[in-house]
Each structure stands twice: as structure tokens, then as C-alpha cells.
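For reference, work-v6.cif is printed below; it contains mmCIF, C-alpha atoms and all ligand atoms.
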data_coords
#
loop_
_atom_site.label_atom_id
_atom_site.label_comp_id
_atom_site.auth_asym_id
_atom_site.auth_seq_id
_atom_site.Cartn_x
_atom_site.Cartn_y
_atom_site.Cartn_z
CA MET A 510 98.33 91.45 137.30
CA ARG A 511 98.39 91.16 133.50
CA LEU A 512 100.86 88.65 132.11
CA LYS A 513 103.41 90.06 129.64
CA ASN A 514 104.21 86.51 128.51
CA ASP A 515 100.93 84.59 128.40
CA LEU A 516 101.89 82.04 125.70
CA LEU A 517 101.40 79.12 128.09
CA ILE A 518 97.94 80.25 129.14
CA ARG A 519 96.78 80.96 125.60
CA ALA A 520 98.10 77.62 124.35
CA ALA A 521 96.41 75.86 127.29
CA LYS A 522 93.14 77.50 126.31
CA GLY A 523 93.45 76.00 122.83
CA GLU A 524 95.03 78.87 120.92
CA LEU A 525 97.62 78.26 118.19
CA THR A 526 100.25 80.65 119.51
CA GLU A 527 102.79 82.65 117.46
CA ARG A 528 105.47 80.45 119.00
CA THR A 529 105.25 77.35 121.17
CA PRO A 530 105.65 78.00 124.90
CA VAL A 531 108.25 75.81 126.63
CA TRP A 532 108.99 74.69 130.19
CA LEU A 533 110.31 71.48 131.78
CA MET A 534 108.76 69.20 134.34
CA ARG A 535 111.03 69.20 137.42
CA GLN A 536 112.86 72.30 136.21
CA ALA A 537 112.94 73.77 139.71
CA GLY A 538 115.88 72.18 141.43
CA ARG A 539 117.67 69.01 140.46
CA ILE A 540 119.80 70.17 137.54
CA LEU A 541 121.00 73.64 138.48
CA PRO A 542 124.22 74.20 140.46
CA GLU A 543 122.55 77.36 141.76
CA TYR A 544 119.83 75.15 143.28
CA ARG A 545 122.35 72.83 144.91
CA ASN A 546 124.12 75.85 146.33
CA VAL A 547 120.96 77.05 148.10
CA ARG A 548 120.10 73.49 149.14
CA SER A 549 123.55 72.69 150.57
CA LYS A 550 123.24 75.37 153.25
CA LEU A 551 120.08 73.80 154.68
CA SER A 552 119.16 70.85 156.87
CA GLY A 553 117.48 69.22 153.88
CA PHE A 554 114.85 69.29 151.16
CA LYS A 555 111.95 69.89 153.55
CA GLU A 556 113.49 73.03 155.00
CA LEU A 557 113.63 74.41 151.46
CA VAL A 558 110.00 73.46 150.78
CA LYS A 559 108.84 75.05 154.05
CA THR A 560 110.77 78.32 153.80
CA PRO A 561 108.78 80.51 151.38
CA GLU A 562 111.63 82.97 150.63
CA LEU A 563 113.96 80.11 149.60
CA ALA A 564 111.27 78.15 147.75
CA ALA A 565 110.53 81.34 145.82
CA GLU A 566 114.21 81.84 145.06
CA VAL A 567 114.69 78.37 143.54
CA THR A 568 111.38 78.67 141.67
CA MET A 569 112.76 81.76 139.93
CA GLN A 570 116.11 80.16 138.98
CA PRO A 571 114.97 78.32 135.82
CA VAL A 572 113.07 81.41 134.65
CA ASN A 573 116.15 83.59 134.96
CA LEU A 574 118.85 81.07 134.06
CA LEU A 575 117.17 78.92 131.41
CA GLY A 576 114.60 81.27 129.87
CA VAL A 577 111.54 79.01 130.21
CA ASP A 578 108.06 80.43 129.54
CA ALA A 579 106.68 79.44 132.94
CA ALA A 580 107.71 79.02 136.55
CA ILE A 581 106.52 76.00 138.55
CA ILE A 582 106.28 76.49 142.27
CA PHE A 583 109.02 74.66 144.17
CA SER A 584 107.30 72.15 146.43
CA ASP A 585 106.43 68.45 146.30
CA ILE A 586 103.33 66.34 145.78
CA LEU A 587 104.04 64.77 149.19
CA VAL A 588 103.04 67.86 151.19
CA ILE A 589 99.42 66.62 150.94
CA PRO A 590 99.93 63.24 152.68
CA GLU A 591 102.05 65.04 155.25
CA ALA A 592 99.29 67.57 155.99
CA MET A 593 96.83 64.66 156.24
CA GLY A 594 98.91 63.07 158.99
CA LEU A 595 101.55 60.94 157.30
CA SER A 596 104.83 62.75 157.59
CA TYR A 597 107.70 61.88 155.22
CA GLU A 598 111.46 62.14 155.26
CA MET A 599 113.45 62.90 152.14
CA VAL A 600 116.41 60.56 152.30
CA GLU A 601 119.48 61.98 150.56
CA LYS A 602 120.10 60.31 147.18
CA LYS A 603 117.28 57.82 147.80
CA GLY A 604 113.96 59.61 147.87
CA PRO A 605 110.93 59.84 150.13
CA TYR A 606 110.38 57.60 153.14
CA PHE A 607 107.19 57.48 155.23
CA PRO A 608 107.76 56.04 158.73
CA LYS A 609 103.99 55.46 159.05
CA THR A 610 101.97 54.00 156.17
CA ILE A 611 98.40 52.88 155.51
CA LYS A 612 97.84 49.17 156.06
CA SER A 613 94.37 48.95 157.56
CA LYS A 614 91.25 50.82 158.65
CA ALA A 615 92.93 51.82 161.93
CA ASP A 616 95.63 53.71 160.02
CA ILE A 617 92.96 55.74 158.25
CA LYS A 618 91.32 56.86 161.49
CA SER A 619 94.32 59.02 162.33
CA LEU A 620 94.21 60.83 158.96
CA HIS A 621 92.44 64.14 158.47
CA LYS A 622 91.41 66.27 155.52
CA VAL A 623 93.53 69.31 154.82
CA GLU A 624 91.93 72.42 156.31
CA ASP A 625 92.32 76.12 155.64
CA GLY A 626 95.35 77.35 157.55
CA GLU A 627 97.44 74.31 156.64
CA LEU A 628 100.09 74.44 153.91
CA ASN A 629 100.28 78.22 154.21
CA TYR A 630 103.98 78.05 153.42
CA VAL A 631 103.12 76.99 149.86
CA TYR A 632 100.66 79.86 149.35
CA GLU A 633 103.15 82.33 150.78
CA ALA A 634 105.84 81.06 148.37
CA ILE A 635 103.36 81.50 145.49
CA ARG A 636 102.66 85.10 146.51
CA LEU A 637 106.40 85.84 146.70
CA VAL A 638 107.06 84.32 143.26
CA LYS A 639 104.19 86.26 141.71
CA ARG A 640 105.65 89.48 143.05
CA GLU A 641 109.09 88.55 141.73
CA LEU A 642 107.80 87.48 138.29
CA ASN A 643 105.88 90.72 137.96
CA GLY A 644 103.97 89.28 135.01
CA SER A 645 107.07 88.21 133.06
CA ALA A 646 105.83 84.57 132.97
CA PRO A 647 102.91 82.57 134.33
CA LEU A 648 103.26 80.50 137.50
CA ILE A 649 102.22 76.85 137.53
CA GLY A 650 100.76 75.37 140.71
CA PHE A 651 100.49 71.62 141.12
CA ALA A 652 99.43 68.57 143.10
CA GLY A 653 99.71 64.81 142.75
CA ALA A 654 96.72 62.85 141.48
CA PRO A 655 94.99 61.01 144.35
CA TRP A 656 96.04 57.59 143.02
CA THR A 657 99.73 58.55 142.92
CA ILE A 658 99.49 60.02 146.43
CA LEU A 659 97.77 56.84 147.68
CA CYS A 660 100.65 54.81 146.22
CA TYR A 661 103.15 56.64 148.45
CA MET A 662 100.87 56.52 151.52
CA ILE A 663 100.57 52.74 151.26
CA GLU A 664 104.04 51.89 149.98
CA GLY A 665 105.89 54.35 152.22
CA GLY A 666 108.32 55.32 149.46
CA GLY A 667 109.29 54.60 145.90
CA SER A 668 108.77 51.12 144.45
CA LYS A 669 109.27 49.34 141.15
CA THR A 670 105.82 47.75 141.18
CA PHE A 671 103.79 49.52 143.90
CA SER A 672 102.39 46.05 144.50
CA ASN A 673 101.31 46.89 148.07
CA ALA A 674 99.18 49.72 146.72
CA ARG A 675 97.84 47.42 144.02
CA LYS A 676 97.10 44.73 146.63
CA PHE A 677 95.14 47.33 148.63
CA LEU A 678 92.90 48.08 145.62
CA ILE A 679 92.07 44.37 145.31
CA GLN A 680 91.71 43.52 149.01
CA GLU A 681 90.35 46.79 150.44
CA PRO A 682 88.59 48.63 147.60
CA LYS A 683 86.17 50.44 149.94
CA LEU A 684 88.97 51.70 152.17
CA ALA A 685 90.89 52.74 149.07
CA HIS A 686 87.93 54.86 147.97
CA THR A 687 87.63 56.36 151.46
CA VAL A 688 91.25 57.53 151.38
CA LEU A 689 91.06 58.61 147.72
CA ASN A 690 88.06 60.77 148.61
CA MET A 691 89.94 62.35 151.51
CA ILE A 692 92.94 63.07 149.29
CA THR A 693 90.65 64.48 146.59
CA GLU A 694 88.86 66.86 148.96
CA SER A 695 92.19 67.94 150.45
CA THR A 696 93.66 68.49 146.99
CA ILE A 697 90.68 70.55 145.82
CA LYS A 698 91.06 72.84 148.82
CA TYR A 699 94.82 73.00 148.31
CA LEU A 700 94.61 73.87 144.61
CA HIS A 701 91.90 76.48 145.17
CA GLN A 702 94.19 78.18 147.66
CA GLN A 703 97.07 78.01 145.17
CA VAL A 704 94.95 79.76 142.55
CA LEU A 705 93.81 82.37 145.10
CA ALA A 706 97.47 82.98 145.98
CA GLY A 707 98.27 83.57 142.29
CA ALA A 708 98.88 80.28 140.44
CA ASP A 709 97.97 80.89 136.77
CA LEU A 710 97.68 77.24 135.70
CA ILE A 711 97.39 73.97 137.61
CA GLN A 712 99.07 70.68 136.72
CA ILE A 713 98.04 67.33 138.18
CA PHE A 714 100.83 64.71 138.20
CA ASP A 715 99.66 61.10 138.00
CA SER A 716 103.13 59.57 137.93
CA TRP A 717 101.95 56.01 138.59
CA ALA A 718 98.97 55.99 136.21
CA GLY A 719 100.70 53.47 133.96
CA ILE A 720 100.66 50.59 136.43
CA LEU A 721 96.86 50.24 136.48
CA PRO A 722 94.75 48.52 133.83
CA LEU A 723 92.04 50.68 132.24
CA ASN A 724 89.13 49.40 134.34
CA GLN A 725 90.96 50.17 137.60
CA TYR A 726 92.39 53.40 136.24
CA ARG A 727 88.86 54.66 135.54
CA LYS A 728 87.57 53.81 139.00
CA PHE A 729 90.55 54.56 141.21
CA SER A 730 92.18 57.44 139.39
CA MET A 731 90.43 59.16 136.50
CA SER A 732 87.17 59.69 138.42
CA TYR A 733 89.07 61.58 141.14
CA ILE A 734 91.12 63.57 138.63
CA GLU A 735 87.82 64.59 137.04
CA LYS A 736 86.43 65.79 140.40
CA ILE A 737 89.52 67.92 140.92
CA SER A 738 89.64 69.30 137.35
CA LYS A 739 85.95 70.17 137.44
CA SER A 740 86.35 72.08 140.68
CA ILE A 741 89.00 74.46 139.36
CA ALA A 742 87.18 77.26 137.61
CA ASN A 743 89.68 80.10 137.54
CA ALA A 744 92.78 78.54 135.98
CA PRO A 745 93.45 76.13 133.11
CA VAL A 746 94.24 72.58 134.21
CA THR A 747 96.82 70.15 132.79
CA VAL A 748 96.68 66.44 133.52
CA PHE A 749 99.91 64.47 133.15
CA ALA A 750 99.26 60.75 133.54
CA LYS A 751 102.53 58.94 132.93
CA GLY A 752 102.08 55.70 131.03
CA ALA A 753 98.31 56.05 130.61
CA TYR A 754 98.33 55.66 126.81
CA PHE A 755 95.40 53.23 127.19
CA ALA A 756 93.22 55.96 128.73
CA LEU A 757 93.94 58.83 126.32
CA LYS A 758 90.69 58.37 124.42
CA GLU A 759 88.68 58.77 127.61
CA MET A 760 90.88 61.60 128.86
CA ASN A 761 89.47 63.69 126.02
CA ASN A 762 86.30 63.89 128.18
CA LEU A 763 88.07 65.19 131.31
CA SER A 764 87.26 68.74 132.45
CA CYS A 765 90.81 69.85 131.84
CA ASN A 766 92.41 71.95 129.10
CA THR A 767 95.70 70.15 128.49
CA ILE A 768 96.91 66.56 128.51
CA GLY A 769 100.59 65.89 129.07
CA LEU A 770 102.11 63.17 126.89
CA ASP A 771 105.03 61.01 127.88
CA TRP A 772 107.62 60.06 125.27
CA ASN A 773 106.04 56.70 124.50
CA MET A 774 102.76 58.24 123.48
CA ASP A 775 102.43 58.62 119.74
CA ILE A 776 101.91 62.26 118.81
CA ASN A 777 99.72 61.68 115.76
CA GLU A 778 97.56 59.14 117.52
CA SER A 779 97.23 61.43 120.55
CA ARG A 780 96.16 64.35 118.35
CA THR A 781 93.35 62.20 116.97
CA LEU A 782 92.26 60.86 120.35
CA LEU A 783 92.52 64.22 122.11
CA LYS A 784 90.94 66.53 119.55
CA SER A 785 89.57 68.96 122.12
CA LYS A 786 92.72 69.22 124.25
CA THR A 787 95.95 71.15 124.09
CA LEU A 788 98.86 68.71 124.18
CA GLN A 789 101.99 69.07 126.29
CA GLY A 790 105.28 67.24 125.89
CA ASN A 791 106.85 65.00 124.94
CA LEU A 792 110.58 64.87 124.21
CA ASP A 793 112.31 61.84 125.71
CA PRO A 794 114.40 63.33 128.57
CA SER A 795 117.33 61.06 127.63
CA ILE A 796 117.69 62.98 124.35
CA LEU A 797 119.23 65.78 126.44
CA TYR A 798 122.21 63.43 127.02
CA GLY A 799 123.01 63.78 123.32
CA ASP A 800 125.10 66.46 121.64
CA GLN A 801 123.84 69.84 120.41
CA LYS A 802 123.11 68.65 116.88
CA TYR A 803 121.12 65.66 118.07
CA ILE A 804 119.08 67.67 120.60
CA LYS A 805 118.18 70.25 117.93
CA MET A 806 117.24 67.61 115.40
CA GLU A 807 115.04 65.61 117.78
CA THR A 808 113.37 68.75 119.19
CA LYS A 809 112.50 69.99 115.70
CA LYS A 810 111.19 66.56 114.77
CA MET A 811 108.87 66.67 117.77
CA LEU A 812 107.71 70.24 117.09
CA LYS A 813 106.85 69.39 113.49
CA GLN A 814 104.57 66.58 114.60
CA PHE A 815 102.61 68.93 116.87
CA LYS A 816 102.34 71.70 114.28
CA GLY A 817 98.77 72.88 113.67
CA HIS A 818 97.59 71.62 117.08
CA PRO A 819 97.69 73.71 120.32
CA HIS A 820 100.96 72.67 121.97
CA ILE A 821 103.10 73.34 125.03
CA ALA A 822 106.64 72.03 124.54
CA ASN A 823 108.03 69.98 127.42
CA LEU A 824 109.79 66.70 128.10
CA GLY A 825 107.88 63.42 128.36
CA HIS A 826 108.63 63.32 132.11
CA GLY A 827 110.84 65.19 134.56
CA VAL A 828 114.30 66.28 133.48
CA TYR A 829 116.89 63.77 134.77
CA PRO A 830 119.02 65.14 137.65
CA ASP A 831 122.36 64.63 135.83
CA THR A 832 121.32 66.57 132.71
CA ASN A 833 123.71 69.31 131.62
CA PRO A 834 121.87 72.67 132.01
CA ASP A 835 123.48 73.84 128.73
CA HIS A 836 121.71 71.00 126.95
CA VAL A 837 118.43 72.09 128.52
CA LYS A 838 119.11 75.56 127.12
CA ILE A 839 119.62 74.12 123.63
CA PHE A 840 116.21 72.43 123.88
CA ILE A 841 114.55 75.68 125.03
CA GLU A 842 116.27 77.81 122.41
CA THR A 843 115.38 75.36 119.64
CA VAL A 844 111.70 75.52 120.57
CA LYS A 845 111.79 79.33 120.66
CA ALA A 846 113.54 79.61 117.30
CA PHE A 847 111.49 76.97 115.52
CA SER A 848 108.07 78.44 115.82
CA ALA A 849 109.03 82.12 115.67
O1 LIG A 901 108.71 70.70 138.63
C1 LIG A 901 109.40 71.23 139.53
O2 LIG A 901 110.58 71.46 139.36
C2 LIG A 901 108.72 71.68 140.80
C3 LIG A 901 109.08 70.95 141.95
C4 LIG A 901 108.68 69.49 142.10
C5 LIG A 901 109.37 68.62 142.97
N1 LIG A 901 108.70 67.44 143.02
C6 LIG A 901 110.60 68.96 143.71
C7 LIG A 901 111.50 67.88 144.16
C8 LIG A 901 107.60 68.77 141.56
C9 LIG A 901 106.56 69.20 140.54
C10 LIG A 901 107.61 67.48 142.17
C11 LIG A 901 106.60 66.45 141.90
C12 LIG A 901 106.79 65.10 142.36
N2 LIG A 901 107.36 64.67 143.54
C13 LIG A 901 106.31 63.94 141.68
C14 LIG A 901 105.52 63.96 140.39
C15 LIG A 901 106.37 64.18 139.19
C16 LIG A 901 107.17 63.01 138.74
O3 LIG A 901 108.39 63.16 138.63
O4 LIG A 901 106.60 61.95 138.44
C17 LIG A 901 106.66 62.82 142.46
C18 LIG A 901 106.37 61.39 142.10
C19 LIG A 901 107.31 63.30 143.63
C20 LIG A 901 107.82 62.52 144.79
C21 LIG A 901 109.28 62.68 144.98
N3 LIG A 901 109.89 63.84 145.41
C22 LIG A 901 110.29 61.72 144.73
C23 LIG A 901 110.06 60.32 144.22
C24 LIG A 901 111.54 62.33 145.03
C25 LIG A 901 112.93 61.72 145.01
C26 LIG A 901 113.49 61.60 143.66
C27 LIG A 901 113.65 62.92 142.91
O5 LIG A 901 112.70 63.28 142.22
O6 LIG A 901 114.66 63.58 143.03
C28 LIG A 901 111.25 63.67 145.42
C29 LIG A 901 112.25 64.69 145.80
C30 LIG A 901 112.24 65.99 145.10
N4 LIG A 901 111.14 66.71 144.78
C31 LIG A 901 113.40 66.72 144.68
C32 LIG A 901 112.93 67.90 144.11
C33 LIG A 901 113.75 69.03 143.55
C34 LIG A 901 114.84 66.29 144.91
C35 LIG A 901 115.17 66.54 146.33
C36 LIG A 901 116.51 67.17 146.57
O7 LIG A 901 116.70 68.37 146.35
O8 LIG A 901 117.37 66.42 147.02
#
Do you think you could lay out the structure here as C-alpha cells?
Amino acid sequence: MRLKNDLLIRAAKGELTERTPVWLMRQAGRILPEYRNVRSKLSGFKELVKTPELAAEVTMQPVNLLGVDAAIIFSDILVIPEAMGLSYEMVEKKGPYFPKTIKSKADIKSLHKVEDGELNYVYEAIRLVKRELNGSAPLIGFAGAPWTILCYMIEGGGSKTFSNARKFLIQEPKLAHTVLNMITESTIKYLHQQVLAGADLIQIFDSWAGILPLNQYRKFSMSYIEKISKSIANAPVTVFAKGAYFALKEMNNLSCNTIGLDWNMDINESRTLLKSKTLQGNLDPSILYGDQKYIKMETKKMLKQFKGHPHIANLGHGVYPDTNPDHVKIFIETVKAFSA
């Protein structure tokens, strides 16, 4: 199926596009009343993730209601640890909770690599969205980076410091690599299937990149991200490593097309360090709490700094759940008007 709007794909491939494509991390769900309406009729978040028709419906909402240039499949990075044998619960207003976590070698014995036939609900949702989009926008598939997934598998939920995961790297480095390899192989299989089902671009989320020092980040995260990026031949790849400003120089050598910037990363410096990459980002999501004038001004300021470099407009991290959807629209419309 030919894409009628392929701005995102062309920008990812390094083209200076006639206008900057725009989408938002965590655009599917969270901020839209239409999402909450679908969600409120269900037993919980996981029912939504595992019901392809509904996952497809909420994936389409931001495309139809906000006018973004890409859809991102509604799912979660945590479906991988679940398929590997560590099930999670999504606790209302709190976040993920894993009843079983990794503490020792024995806990790893019960894990398995993701096989064909697992996670079919995600691929089915992708096929449904592709049919619905009918080429009107590209569809982004995604997965968590192995390090970020390992953080949740060890910690069992969110954490301010992820110090249990960090302790594991120091005390059990070999075991850490064993699990990281299992996650990596599972993720490669998973992302290949997403592309086969129709995903036009793949994004890897390394949300907890910023808590590692460079030497550990190289060994325990970037090397696995590289394995995954290298394995995806039929779709451009974006790597978003939150807080990894210290690794940007080396990320220029990754086998990916685009690097996502968070709002603390300096745009000019990033352009210099990442000469061969398209850049994505990086408006501070809190700017959307401001008024119309402020949002427009800050968005234009950001766009100007990226001008002349292949760019995909986005926030510097996921949109905050209490953001007014009308403010999101102002951001999107400003991007569209600016570069036209
Ligand atoms: O971008 C999108 O809109 C697609 C859907 C998507 C979700 N999670 C749906 C979701 C994506 C891309 C993710 C990725 C994800 N999940 C990440 C990486 C991105 C990031 O923000 O750093 C992480 C770390 C997770 C793990 C996770 N899932 C947490 C910590 C939580 C609870 C807090 C929160 O984000 O709301 C979730 C739940 C979750 N995942 C929700 C949604 C829409 C909220 C659940 C609900 O509807 O109640």
C-alpha cells in the first residue's frame, strides 16, 4: 500500500521535507476523553491492549482527532516481559506491577524467548490499523530497549532510582547479559513481525537510559539497541534514549535512521554530534500547559533551531496525561503552518 502522507518516512530517511512531520510520544490514550470512554467500559488497560479491534480504534483516535502525521500502535513495552514469563498488572493511577521479578539465576530459568505465535494480538491490531489508515498516514511500531525492559523485570514496577536494577548490573553482570540477550532476541522477532504486519517505522524506547554512566550504557544498553537496529532491514528505525545526552556522539554510529531528543538535549549540539541522523523532538511537554501564544512561540523557536536538518517534530518525552487536547492541537497546527 502506497502512503499518501509519507512525510515521516521521508524525513526519517534523511530528506528535508516540504513541511516537518509531527506526532507525539504517548499520543494514543492518556489525553483524549474518547480514549477514556473506550477504556472505562473494560476490565482494564490489558483488555484494551489484547483486543485488536479496540487497540486499533484508540490507535486511530489521535490521527482523526488531532491530525498527527503518524499513528503509533496502541500497546505497551511491557508485553515483551509478559510473553517471556513475567506477567504484569496495570494498577489504576499507579502504573505497572510485576508480582514475580528477577532476583537470581533461578528466576531466569523460568523465562523463555518470545516465539512465533505469541503476541499475535499486536500483529492483528497492526493489520486492522493499516486497513483503517488506508495509506493516509504511516504506522509506527515500537518496543522497549532491552535495558529499560530489564529495569522493570528486576524492579517489578516504576522506581525513582531503579537501584535494584543497577545493583544487578554490579553484582550479577553475567546474568544481566543473559537476560538482556533473551530480551534482545525476543524483541528482534517481535519487531520483525510488526513490520511484516504493516508497521512502516519502528521506534525503540530507552526510557531509563539516563540513569547509567556511559561505560555501563555502552555495555548494557547501546550494544543491544545496535543488534536490534541492525536486524531491521525493511523499515526506518528511531532510537529514543531519554537522558542519554552523554552518549549522543556514539549514537551517531548506531544502525538507525533517527535519534529522538529529550528537552534537555541541546539542539545545536545534537545536530553537530548526530550529523548522519534525522532528529526527532524535542519540545518540553510542560510547555503544553501554557497558553496558546506561549505554545506557538516555543514551538516556532524549536522548529527554527532544527531548520536545515532532517527533522520530525515531537515532544521531548510522552505527553503528560493531564494535557488539554486543544493545546496539543495548537502544537500540531503550529508545526504544520510553520514549515509550509
Ligand atoms: O505512544 C503511544 O501512545 C502508544 C502507546 C504506548 C503506551 N505505552 C500505552 C500506555 C507506548 C508507546 C508506551 C510505552 C511505554 N510504556 C514506555 C516507554 C515510553 C515512556 O514513556 O518512557 C514505558 C516506560 C511504559 C511502561 C508503562 N506503561 C508505565 C510506566 C505506565 C504507567 C504510567 C503511564 O504511562 O500512564 C504504563 C501504562 C500505559 N501505557 C498507559 C498507556 C496509554 C496508561 C494506562 C491507562 O490507560 O490507564
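Residues in contact range of Lys698 in chain A, defined as at most 9 Å between only C-alpha atoms, with sequence neighbours fewer than 5 positions away removed, read A:Val623, A:Glu624, A:Asp625, A:Thr693, A:Gln703.
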Exercise for review: All residues within 9 Å of ligand LIG 901 (chain A) are required, counting only C-alpha atoms and all ligand atoms; please report them as an MDAnalysis selection string.
Suggested key: chainID A and resid 533:540 544:545 548 553:555 557:558 568 571 580:587 599:605 649:654 657:658 661 666:667 712:717 749:751 826:830
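The residue set within 10 Å of Ser672 in chain A, counting only C-alpha atoms and dropping same-chain residues fewer than 5 places from it, reads Cys660, Ile663, Glu664, Phe677, Leu678 and Ile720 of chain A.
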Revision key, fill the gap. Among A:Val748, A:Ile821, A:Leu551, A:Ile839, Gly523 in chain A is approached most closely, using only C-alpha atoms, by A:Ile821
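Between CA of Glu527 in chain A and CA of Asn823 in chain A lies a distance of 16.9 Å.
CA of Leu783 in chain A sits 18.4 Å away from CA of Leu824 in chain A.
Of the residues under consideration (A:Gly799, A:Pro590, A:Gly644, A:Pro794), A:Pro590 shows the shortest atom-to-atom contact distance to Trp656 in chain A when counting only C-alpha atoms.
The space between CA of Glu627 in chain A and CA of Met691 in chain A spans 15.0 Å.
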Atoms added to range 527-549 of chain A (N, CA and C atoms), reported as a compact mmCIF listing (two decimals), keeping the file's coordinate frame:
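Written output follows (selection24.txt):
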# COMPACT_ATOMS: atom_id res chain seq x y z
N GLU A 527 101.79 82.21 118.45
CA GLU A 527 102.79 82.65 117.46
C GLU A 527 104.10 81.87 117.61
N ARG A 528 104.40 81.44 118.82
CA ARG A 528 105.47 80.45 119.00
C ARG A 528 105.08 79.55 120.17
N THR A 529 105.63 78.35 120.16
CA THR A 529 105.25 77.35 121.17
C THR A 529 105.88 77.69 122.51
N PRO A 530 105.06 77.79 123.58
CA PRO A 530 105.65 78.00 124.90
C PRO A 530 106.42 76.75 125.36
N VAL A 531 107.42 76.94 126.17
CA VAL A 531 108.25 75.81 126.63
C VAL A 531 108.60 75.93 128.11
N TRP A 532 108.47 74.82 128.82
CA TRP A 532 108.99 74.69 130.19
C TRP A 532 109.32 73.23 130.40
N LEU A 533 109.92 72.88 131.54
CA LEU A 533 110.31 71.48 131.78
C LEU A 533 109.75 70.99 133.10
N MET A 534 109.16 69.81 133.08
CA MET A 534 108.76 69.20 134.34
C MET A 534 110.02 68.97 135.17
N ARG A 535 109.94 69.29 136.44
CA ARG A 535 111.03 69.20 137.42
C ARG A 535 112.18 70.16 137.09
N GLN A 536 111.82 71.30 136.53
CA GLN A 536 112.86 72.30 136.21
C GLN A 536 113.38 73.01 137.46
N ALA A 537 112.53 73.08 138.49
CA ALA A 537 112.94 73.77 139.71
C ALA A 537 113.75 72.81 140.56
N GLY A 538 115.03 73.08 140.67
CA GLY A 538 115.88 72.18 141.43
C GLY A 538 116.52 71.15 140.53
N ARG A 539 117.10 70.16 141.16
CA ARG A 539 117.67 69.01 140.46
C ARG A 539 118.88 69.31 139.61
N ILE A 540 118.71 70.08 138.52
CA ILE A 540 119.80 70.17 137.54
C ILE A 540 120.69 71.40 137.72
N LEU A 541 120.23 72.40 138.45
CA LEU A 541 121.00 73.64 138.48
C LEU A 541 121.99 73.69 139.65
N PRO A 542 123.26 74.02 139.37
CA PRO A 542 124.22 74.20 140.46
C PRO A 542 123.77 75.29 141.43
N GLU A 543 123.05 76.28 140.91
CA GLU A 543 122.55 77.36 141.76
C GLU A 543 121.54 76.83 142.77
N TYR A 544 120.77 75.80 142.36
CA TYR A 544 119.83 75.15 143.28
C TYR A 544 120.61 74.41 144.37
N ARG A 545 121.59 73.64 143.94
CA ARG A 545 122.35 72.83 144.91
C ARG A 545 123.07 73.72 145.90
N ASN A 546 123.45 74.89 145.45
CA ASN A 546 124.12 75.85 146.33
C ASN A 546 123.18 76.30 147.45
N VAL A 547 121.95 76.65 147.09
CA VAL A 547 120.96 77.05 148.10
C VAL A 547 120.67 75.87 149.03
N ARG A 548 120.49 74.72 148.44
CA ARG A 548 120.10 73.49 149.14
C ARG A 548 121.18 73.03 150.13
N SER A 549 122.45 73.21 149.75
CA SER A 549 123.55 72.69 150.57
C SER A 549 123.69 73.43 151.91
